[in-house]
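Printed here is upload_16.txt (compact mmCIF, N, CA and C atoms):
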# COMPACT_ATOMS: atom_id res chain seq x y z
N MET R 1 0.86 -1.17 0.00
CA MET R 1 0.00 0.00 0.00
C MET R 1 0.90 1.23 0.00
N GLY R 2 0.64 2.15 -0.92
CA GLY R 2 1.44 3.36 -1.02
C GLY R 2 1.10 4.37 0.06
N LEU R 3 1.94 5.39 0.15
CA LEU R 3 1.74 6.44 1.14
C LEU R 3 0.38 7.12 0.99
N PHE R 4 0.01 7.44 -0.25
CA PHE R 4 -1.28 8.11 -0.46
C PHE R 4 -2.45 7.20 -0.11
N ASP R 5 -2.30 5.89 -0.36
CA ASP R 5 -3.36 4.95 0.03
C ASP R 5 -3.55 4.94 1.54
N LYS R 6 -2.42 4.98 2.28
CA LYS R 6 -2.51 4.98 3.74
C LYS R 6 -3.17 6.25 4.25
N ILE R 7 -2.83 7.37 3.62
CA ILE R 7 -3.38 8.65 4.06
C ILE R 7 -4.84 8.80 3.69
N PHE R 8 -5.17 8.37 2.47
CA PHE R 8 -6.51 8.64 1.94
C PHE R 8 -7.39 7.41 1.82
N LYS R 9 -7.04 6.32 2.47
CA LYS R 9 -7.85 5.11 2.31
C LYS R 9 -9.26 5.37 2.81
N SER R 10 -10.18 4.67 2.20
CA SER R 10 -11.59 4.91 2.51
C SER R 10 -11.94 4.40 3.89
N GLU R 11 -12.97 5.02 4.47
CA GLU R 11 -13.46 4.59 5.78
C GLU R 11 -13.96 3.16 5.71
N GLU R 12 -14.54 2.78 4.57
CA GLU R 12 -15.04 1.42 4.42
C GLU R 12 -13.92 0.40 4.52
N SER R 13 -12.80 0.63 3.82
CA SER R 13 -11.70 -0.32 3.89
C SER R 13 -11.08 -0.31 5.28
N GLU R 14 -11.04 0.85 5.92
CA GLU R 14 -10.52 0.95 7.28
C GLU R 14 -11.40 0.15 8.23
N ASN R 15 -12.71 0.27 8.09
CA ASN R 15 -13.63 -0.46 8.96
C ASN R 15 -13.50 -1.96 8.76
N LYS R 16 -13.29 -2.41 7.50
CA LYS R 16 -13.12 -3.83 7.24
C LYS R 16 -11.85 -4.36 7.90
N GLU R 17 -10.77 -3.59 7.84
CA GLU R 17 -9.52 -4.00 8.47
C GLU R 17 -9.71 -4.12 9.98
N GLU R 18 -10.35 -3.14 10.60
CA GLU R 18 -10.56 -3.16 12.04
C GLU R 18 -11.44 -4.34 12.43
N ALA R 19 -12.49 -4.55 11.67
CA ALA R 19 -13.42 -5.62 12.00
C ALA R 19 -12.75 -6.98 11.92
N SER R 20 -11.78 -7.15 11.03
CA SER R 20 -11.15 -8.44 10.88
C SER R 20 -10.31 -8.82 12.09
N ARG R 21 -9.86 -7.84 12.89
CA ARG R 21 -9.03 -8.12 14.06
C ARG R 21 -9.86 -8.43 15.31
N THR R 22 -11.08 -8.03 15.35
CA THR R 22 -11.95 -8.24 16.50
C THR R 22 -13.11 -9.11 16.04
N PRO R 23 -13.41 -10.17 16.79
CA PRO R 23 -14.41 -11.14 16.30
C PRO R 23 -15.87 -10.68 16.45
N TRP R 24 -16.22 -9.61 15.75
CA TRP R 24 -17.58 -9.08 15.81
C TRP R 24 -18.55 -9.98 15.07
N VAL R 25 -19.76 -10.07 15.60
CA VAL R 25 -20.90 -10.61 14.88
C VAL R 25 -21.80 -9.42 14.61
N ASP R 26 -22.13 -9.18 13.35
CA ASP R 26 -23.01 -8.06 13.02
C ASP R 26 -24.40 -8.31 13.58
N LEU R 27 -24.90 -7.33 14.29
CA LEU R 27 -26.25 -7.39 14.85
C LEU R 27 -27.14 -6.59 13.91
N ASN R 28 -27.95 -7.30 13.12
CA ASN R 28 -28.74 -6.61 12.11
C ASN R 28 -30.19 -7.09 12.02
N SER R 29 -30.63 -7.84 13.03
CA SER R 29 -32.05 -8.21 13.08
C SER R 29 -32.49 -8.35 14.54
N ILE R 30 -33.70 -7.97 14.79
CA ILE R 30 -34.24 -8.04 16.15
C ILE R 30 -34.28 -9.49 16.64
N SER R 31 -34.48 -10.44 15.74
CA SER R 31 -34.51 -11.85 16.16
C SER R 31 -33.18 -12.30 16.76
N GLN R 32 -32.09 -11.65 16.41
CA GLN R 32 -30.79 -12.00 16.99
C GLN R 32 -30.75 -11.71 18.49
N LEU R 33 -31.59 -10.80 18.96
CA LEU R 33 -31.61 -10.49 20.38
C LEU R 33 -32.04 -11.71 21.19
N ASP R 34 -33.00 -12.48 20.67
CA ASP R 34 -33.40 -13.72 21.34
C ASP R 34 -32.23 -14.69 21.38
N GLU R 35 -31.50 -14.78 20.26
CA GLU R 35 -30.36 -15.69 20.18
C GLU R 35 -29.26 -15.29 21.16
N LEU R 36 -28.94 -14.00 21.20
CA LEU R 36 -27.84 -13.59 22.08
C LEU R 36 -28.22 -13.70 23.54
N GLU R 37 -29.50 -13.54 23.86
CA GLU R 37 -29.93 -13.78 25.25
C GLU R 37 -29.69 -15.24 25.63
N LYS R 38 -30.03 -16.15 24.73
CA LYS R 38 -29.81 -17.58 24.97
C LYS R 38 -28.31 -17.86 25.10
N ILE R 39 -27.50 -17.29 24.23
CA ILE R 39 -26.04 -17.49 24.28
C ILE R 39 -25.49 -17.00 25.61
N SER R 40 -26.09 -15.94 26.16
CA SER R 40 -25.58 -15.36 27.42
C SER R 40 -25.73 -16.31 28.61
N GLU R 41 -26.46 -17.39 28.44
CA GLU R 41 -26.57 -18.39 29.50
C GLU R 41 -25.26 -19.17 29.65
N ASP R 42 -24.48 -19.24 28.56
CA ASP R 42 -23.23 -20.00 28.57
C ASP R 42 -21.98 -19.15 28.38
N LYS R 43 -22.15 -17.99 27.74
CA LYS R 43 -21.03 -17.11 27.44
C LYS R 43 -21.38 -15.69 27.86
N THR R 44 -20.34 -14.90 28.07
CA THR R 44 -20.54 -13.47 28.25
C THR R 44 -20.84 -12.89 26.88
N VAL R 45 -21.86 -12.07 26.79
CA VAL R 45 -22.24 -11.43 25.53
C VAL R 45 -22.05 -9.93 25.67
N ALA R 46 -21.38 -9.35 24.70
CA ALA R 46 -21.18 -7.90 24.69
C ALA R 46 -21.75 -7.33 23.41
N ILE R 47 -22.49 -6.25 23.55
CA ILE R 47 -23.06 -5.54 22.40
C ILE R 47 -22.44 -4.16 22.37
N LEU R 48 -21.80 -3.83 21.27
CA LEU R 48 -21.28 -2.48 21.09
C LEU R 48 -22.18 -1.74 20.12
N LYS R 49 -22.80 -0.68 20.60
CA LYS R 49 -23.64 0.17 19.75
C LYS R 49 -22.77 1.32 19.26
N HIS R 50 -22.68 1.44 17.95
CA HIS R 50 -21.75 2.39 17.32
C HIS R 50 -22.50 3.28 16.34
N SER R 51 -22.21 4.58 16.42
CA SER R 51 -22.77 5.53 15.45
C SER R 51 -21.72 5.84 14.40
N THR R 52 -22.04 5.52 13.17
CA THR R 52 -21.10 5.76 12.07
C THR R 52 -20.99 7.25 11.73
N ARG R 53 -21.81 8.08 12.34
CA ARG R 53 -21.78 9.52 12.08
C ARG R 53 -21.07 10.30 13.19
N CYS R 54 -20.53 9.61 14.17
CA CYS R 54 -19.99 10.28 15.35
C CYS R 54 -18.49 10.02 15.49
N GLY R 55 -17.73 11.09 15.54
CA GLY R 55 -16.28 10.98 15.69
C GLY R 55 -15.88 10.34 17.01
N VAL R 56 -16.59 10.67 18.08
CA VAL R 56 -16.29 10.07 19.39
C VAL R 56 -16.53 8.56 19.32
N SER R 57 -17.62 8.16 18.70
CA SER R 57 -17.92 6.74 18.58
C SER R 57 -16.83 6.02 17.80
N LYS R 58 -16.36 6.63 16.74
CA LYS R 58 -15.30 6.03 15.93
C LYS R 58 -14.02 5.89 16.76
N MET R 59 -13.69 6.90 17.54
CA MET R 59 -12.50 6.86 18.38
C MET R 59 -12.62 5.74 19.43
N VAL R 60 -13.78 5.63 20.06
CA VAL R 60 -14.00 4.59 21.07
C VAL R 60 -13.89 3.21 20.43
N LEU R 61 -14.46 3.04 19.26
CA LEU R 61 -14.37 1.76 18.55
C LEU R 61 -12.91 1.40 18.29
N ARG R 62 -12.14 2.34 17.78
CA ARG R 62 -10.71 2.08 17.51
C ARG R 62 -9.96 1.71 18.78
N MET R 63 -10.22 2.43 19.86
CA MET R 63 -9.53 2.14 21.13
C MET R 63 -9.92 0.74 21.63
N PHE R 64 -11.20 0.41 21.57
CA PHE R 64 -11.67 -0.90 22.03
C PHE R 64 -10.98 -1.99 21.21
N GLU R 65 -10.99 -1.85 19.90
CA GLU R 65 -10.41 -2.87 19.04
C GLU R 65 -8.90 -2.99 19.21
N SER R 66 -8.23 -1.87 19.41
CA SER R 66 -6.77 -1.95 19.59
C SER R 66 -6.41 -2.58 20.94
N ASP R 67 -7.28 -2.44 21.94
CA ASP R 67 -7.02 -3.01 23.26
C ASP R 67 -7.56 -4.42 23.43
N TYR R 68 -8.42 -4.86 22.53
CA TYR R 68 -9.06 -6.17 22.67
C TYR R 68 -8.01 -7.27 22.48
N ASP R 69 -7.85 -8.09 23.50
CA ASP R 69 -6.84 -9.15 23.41
C ASP R 69 -7.32 -10.49 23.98
N LEU R 70 -8.62 -10.67 24.05
CA LEU R 70 -9.13 -11.93 24.56
C LEU R 70 -8.86 -13.04 23.55
N ASP R 71 -8.48 -14.19 24.07
CA ASP R 71 -8.23 -15.35 23.24
C ASP R 71 -9.54 -15.80 22.60
N GLU R 72 -9.47 -16.34 21.40
CA GLU R 72 -10.69 -16.77 20.71
C GLU R 72 -11.40 -17.90 21.44
N ASN R 73 -10.73 -18.57 22.37
CA ASN R 73 -11.36 -19.65 23.14
C ASN R 73 -12.06 -19.15 24.40
N GLU R 74 -11.94 -17.86 24.69
CA GLU R 74 -12.62 -17.29 25.87
C GLU R 74 -14.13 -17.35 25.66
N PRO R 75 -14.89 -17.52 26.74
CA PRO R 75 -16.35 -17.61 26.62
C PRO R 75 -17.00 -16.23 26.47
N VAL R 76 -16.75 -15.60 25.34
CA VAL R 76 -17.33 -14.28 25.08
C VAL R 76 -17.78 -14.22 23.62
N GLN R 77 -18.89 -13.55 23.40
CA GLN R 77 -19.42 -13.34 22.06
C GLN R 77 -19.64 -11.84 21.89
N LEU R 78 -19.03 -11.25 20.86
CA LEU R 78 -19.14 -9.81 20.62
C LEU R 78 -20.11 -9.52 19.49
N TYR R 79 -21.03 -8.60 19.74
CA TYR R 79 -21.98 -8.16 18.73
C TYR R 79 -21.74 -6.68 18.44
N PHE R 80 -21.82 -6.34 17.17
CA PHE R 80 -21.60 -4.97 16.72
C PHE R 80 -22.88 -4.45 16.09
N LEU R 81 -23.39 -3.33 16.61
CA LEU R 81 -24.61 -2.74 16.08
C LEU R 81 -24.31 -1.38 15.49
N ASP R 82 -24.55 -1.23 14.20
CA ASP R 82 -24.51 0.07 13.53
C ASP R 82 -25.87 0.69 13.78
N LEU R 83 -25.93 1.55 14.80
CA LEU R 83 -27.24 2.03 15.22
C LEU R 83 -27.86 3.04 14.26
N ILE R 84 -27.09 3.59 13.36
CA ILE R 84 -27.67 4.47 12.34
C ILE R 84 -28.50 3.62 11.37
N SER R 85 -27.97 2.49 10.96
CA SER R 85 -28.68 1.61 10.03
C SER R 85 -29.78 0.81 10.71
N TYR R 86 -29.61 0.53 12.00
CA TYR R 86 -30.54 -0.35 12.71
C TYR R 86 -31.05 0.29 13.99
N ARG R 87 -31.61 1.45 13.87
CA ARG R 87 -32.11 2.17 15.05
C ARG R 87 -33.21 1.39 15.77
N ASP R 88 -34.00 0.63 15.01
CA ASP R 88 -35.06 -0.17 15.63
C ASP R 88 -34.49 -1.21 16.59
N ILE R 89 -33.35 -1.78 16.24
CA ILE R 89 -32.71 -2.76 17.12
C ILE R 89 -32.17 -2.05 18.36
N SER R 90 -31.58 -0.89 18.17
CA SER R 90 -31.08 -0.11 19.30
C SER R 90 -32.21 0.22 20.27
N ASN R 91 -33.35 0.62 19.74
CA ASN R 91 -34.51 0.92 20.59
C ASN R 91 -35.00 -0.33 21.33
N GLU R 92 -35.00 -1.46 20.65
CA GLU R 92 -35.43 -2.71 21.27
C GLU R 92 -34.47 -3.13 22.38
N ILE R 93 -33.17 -2.92 22.18
CA ILE R 93 -32.18 -3.22 23.22
C ILE R 93 -32.47 -2.38 24.46
N ALA R 94 -32.73 -1.09 24.26
CA ALA R 94 -33.03 -0.21 25.40
C ALA R 94 -34.27 -0.69 26.15
N ASP R 95 -35.31 -1.04 25.41
CA ASP R 95 -36.56 -1.51 26.04
C ASP R 95 -36.39 -2.87 26.72
N ARG R 96 -35.81 -3.79 26.00
CA ARG R 96 -35.70 -5.16 26.48
C ARG R 96 -34.79 -5.28 27.71
N PHE R 97 -33.66 -4.58 27.66
CA PHE R 97 -32.67 -4.72 28.73
C PHE R 97 -32.71 -3.58 29.74
N LYS R 98 -33.67 -2.68 29.57
CA LYS R 98 -33.87 -1.56 30.52
C LYS R 98 -32.60 -0.74 30.72
N VAL R 99 -31.95 -0.44 29.60
CA VAL R 99 -30.74 0.37 29.61
C VAL R 99 -30.99 1.57 28.71
N ARG R 100 -30.82 2.76 29.26
CA ARG R 100 -31.03 3.98 28.50
C ARG R 100 -30.11 3.99 27.27
N HIS R 101 -30.65 4.38 26.13
CA HIS R 101 -29.87 4.45 24.90
C HIS R 101 -28.78 5.51 25.00
N GLU R 102 -27.57 5.11 24.64
CA GLU R 102 -26.46 6.05 24.49
C GLU R 102 -25.65 5.61 23.28
N SER R 103 -24.80 6.49 22.82
CA SER R 103 -23.95 6.15 21.68
C SER R 103 -22.63 6.90 21.79
N PRO R 104 -21.54 6.17 21.72
CA PRO R 104 -21.42 4.71 21.67
C PRO R 104 -21.78 4.10 23.03
N GLN R 105 -22.05 2.80 23.00
CA GLN R 105 -22.46 2.14 24.23
C GLN R 105 -22.04 0.68 24.20
N LEU R 106 -21.57 0.18 25.33
CA LEU R 106 -21.25 -1.23 25.49
C LEU R 106 -22.18 -1.81 26.54
N ILE R 107 -22.86 -2.88 26.18
CA ILE R 107 -23.78 -3.56 27.10
C ILE R 107 -23.30 -5.00 27.22
N VAL R 108 -23.12 -5.46 28.44
CA VAL R 108 -22.61 -6.80 28.69
C VAL R 108 -23.69 -7.62 29.41
N LEU R 109 -23.95 -8.82 28.88
CA LEU R 109 -24.97 -9.72 29.43
C LEU R 109 -24.34 -11.02 29.92
N LYS R 110 -24.88 -11.50 31.03
CA LYS R 110 -24.60 -12.84 31.52
C LYS R 110 -25.91 -13.39 32.04
N ASN R 111 -26.20 -14.62 31.69
CA ASN R 111 -27.44 -15.27 32.14
C ASN R 111 -28.66 -14.39 31.90
N ARG R 112 -28.71 -13.80 30.70
CA ARG R 112 -29.85 -12.99 30.25
C ARG R 112 -30.01 -11.66 30.99
N GLU R 113 -29.04 -11.30 31.81
CA GLU R 113 -29.11 -10.06 32.59
C GLU R 113 -27.97 -9.13 32.22
N VAL R 114 -28.24 -7.83 32.25
CA VAL R 114 -27.20 -6.83 32.03
C VAL R 114 -26.34 -6.78 33.29
N VAL R 115 -25.05 -7.06 33.13
CA VAL R 115 -24.13 -7.01 34.26
C VAL R 115 -23.23 -5.78 34.20
N HIS R 116 -23.25 -5.11 33.07
CA HIS R 116 -22.44 -3.90 32.90
C HIS R 116 -22.94 -3.15 31.67
N HIS R 117 -22.92 -1.83 31.77
CA HIS R 117 -23.11 -1.00 30.58
C HIS R 117 -22.32 0.28 30.78
N SER R 118 -21.77 0.76 29.70
CA SER R 118 -20.97 1.98 29.75
C SER R 118 -21.10 2.70 28.42
N SER R 119 -20.71 3.95 28.44
CA SER R 119 -20.77 4.72 27.20
C SER R 119 -19.53 5.60 27.08
N HIS R 120 -19.35 6.09 25.89
CA HIS R 120 -18.25 7.00 25.56
C HIS R 120 -16.91 6.48 26.08
N GLN R 121 -16.14 7.29 26.78
CA GLN R 121 -14.81 6.88 27.23
C GLN R 121 -14.84 5.83 28.33
N GLY R 122 -16.01 5.52 28.84
CA GLY R 122 -16.14 4.45 29.83
C GLY R 122 -16.08 3.06 29.22
N ILE R 123 -16.14 2.98 27.90
CA ILE R 123 -16.08 1.70 27.20
C ILE R 123 -14.63 1.25 27.12
N SER R 124 -14.38 0.01 27.58
CA SER R 124 -13.01 -0.49 27.47
C SER R 124 -12.99 -2.01 27.33
N ALA R 125 -12.03 -2.47 26.56
CA ALA R 125 -11.84 -3.91 26.40
C ALA R 125 -11.36 -4.53 27.70
N SER R 126 -10.61 -3.77 28.50
CA SER R 126 -10.12 -4.31 29.77
C SER R 126 -11.27 -4.57 30.74
N LYS R 127 -12.27 -3.72 30.75
CA LYS R 127 -13.44 -3.93 31.60
C LYS R 127 -14.18 -5.19 31.16
N LEU R 128 -14.32 -5.36 29.85
CA LEU R 128 -14.97 -6.57 29.35
C LEU R 128 -14.18 -7.80 29.78
N LYS R 129 -12.87 -7.72 29.70
CA LYS R 129 -12.02 -8.85 30.09
C LYS R 129 -12.24 -9.21 31.55
N GLU R 130 -12.43 -8.22 32.41
CA GLU R 130 -12.71 -8.47 33.84
C GLU R 130 -14.02 -9.23 34.02
N LEU R 131 -14.96 -9.02 33.13
CA LEU R 131 -16.30 -9.59 33.27
C LEU R 131 -16.42 -11.01 32.68
N VAL R 132 -15.46 -11.40 31.90
CA VAL R 132 -15.52 -12.71 31.24
C VAL R 132 -15.23 -13.82 32.22
Using structure tokens, write down the structure from this file.
Amino acid sequence: MGLFDKIFKSEESENKEEASRTPWVDLNSISQLDELEKISEDKTVAILKHSTRCGVSKMVLRMFESDYDLDENEPVQLYFLDLISYRDISNEIADRFKVRHESPQLIVLKNREVVHHSSHQGISASKLKELV
């Protein structure tokens, strides 16, 4: 990749590179909420709500991904929600889990219950690691 490619690479290619390093599952249907609740009975489930229009959200996402170092065998499942594209899912998460909507936001579930939620600079991969 040339110097100009590094400087001017598209946000889309940048997002694909970041996503490949962190084992995100795209959250793009309300029916997945039932699935992730069930998964939370056996694994820690984390949902990251991200606004593609917000610079702070982008910064938090980059920091989380650069700090994420859990082994792939750890009992954790990560879900990524683009809340601009899927606002209905974001609203359902707030209603279902009784957590006020914020962006960016990390919500962690165990045994179908919210055990942690944070927003903005309070979001950290190290906190998630403590909860696993």
Residues of chain R in helix (DSSP H, G or I) according to DSSP, as a ChimeraX atom specification? /R:3-8,11-21,31-39,55-67,87-97,120-122,125-131
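Shortest separation to Asn28 in chain R among R:Asp82, R:Glu130, R:Glu65, R:Glu102 occurs at residue R:Asp82, atoms counted being all atoms listed in the file.
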Using DSSP on the backbone coordinates, identify all residues within range 7-123 of chain R classified as strand (DSSP E or B); present the result as a PyMOL selection string. chain R and resi 24-26+44-50+76-82+105-110+113-119
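Distance-wise, atom N of Ser126 in chain R and atom C of Tyr68 in chain R end up 7.4 Å apart.
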Residues of range 65-101 of chain R that approach range 38-55 of chain R to 6 Å or less, counting all atoms listed in the file: could you list each one with the shortest pair of atoms and its distance in Å to one decimal, rows by chain and increasing residue number, as a Markdown table?
| residue | atom | partner | partner_atom | distance |
| --- | --- | --- | --- | --- |
| R:Pro75 | C | R:Thr44 | N | 3.9 |
| R:Val76 | CA | R:Thr44 | C | 4.2 |
| R:Gln77 | N | R:Thr44 | C | 4.0 |
| R:Leu78 | CA | R:Ala46 | C | 4.6 |
| R:Tyr79 | N | R:Ala46 | C | 3.9 |
| R:Phe80 | CA | R:Leu48 | N | 4.7 |
| R:Leu81 | N | R:Leu48 | C | 4.0 |
| R:Asp82 | CA | R:His50 | C | 4.7 |
| R:Leu83 | N | R:His50 | C | 4.1 |
| R:Ile84 | N | R:Ser51 | CA | 5.2 |
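Using all atoms listed in the file for every distance, the candidate list R:Asn73, R:Arg112, R:Thr22, R:Asn91 yields R:Arg112 as the residue closest to Leu36 in chain R.
A straight line drawn from atom N of Ser118 in chain R to atom N of Gln105 in chain R is 7.0 Å long.
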Please report the interatomic distance between atom C of Asp67 in chain R and CA of Gly122 in chain R in Å with one decimal. 13.9 Å
I'd like to know which of R:Ser31, R:Ser66, R:Ser119, R:Ser85 is closest to Ile107 in chain R, using only N, CA and C atoms. R:Ser119
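Counting only C-alpha atoms and comparing R:Ala125, R:Leu33, R:Met63, R:His117, the residue that lies closest to Arg100 in chain R is R:His117.
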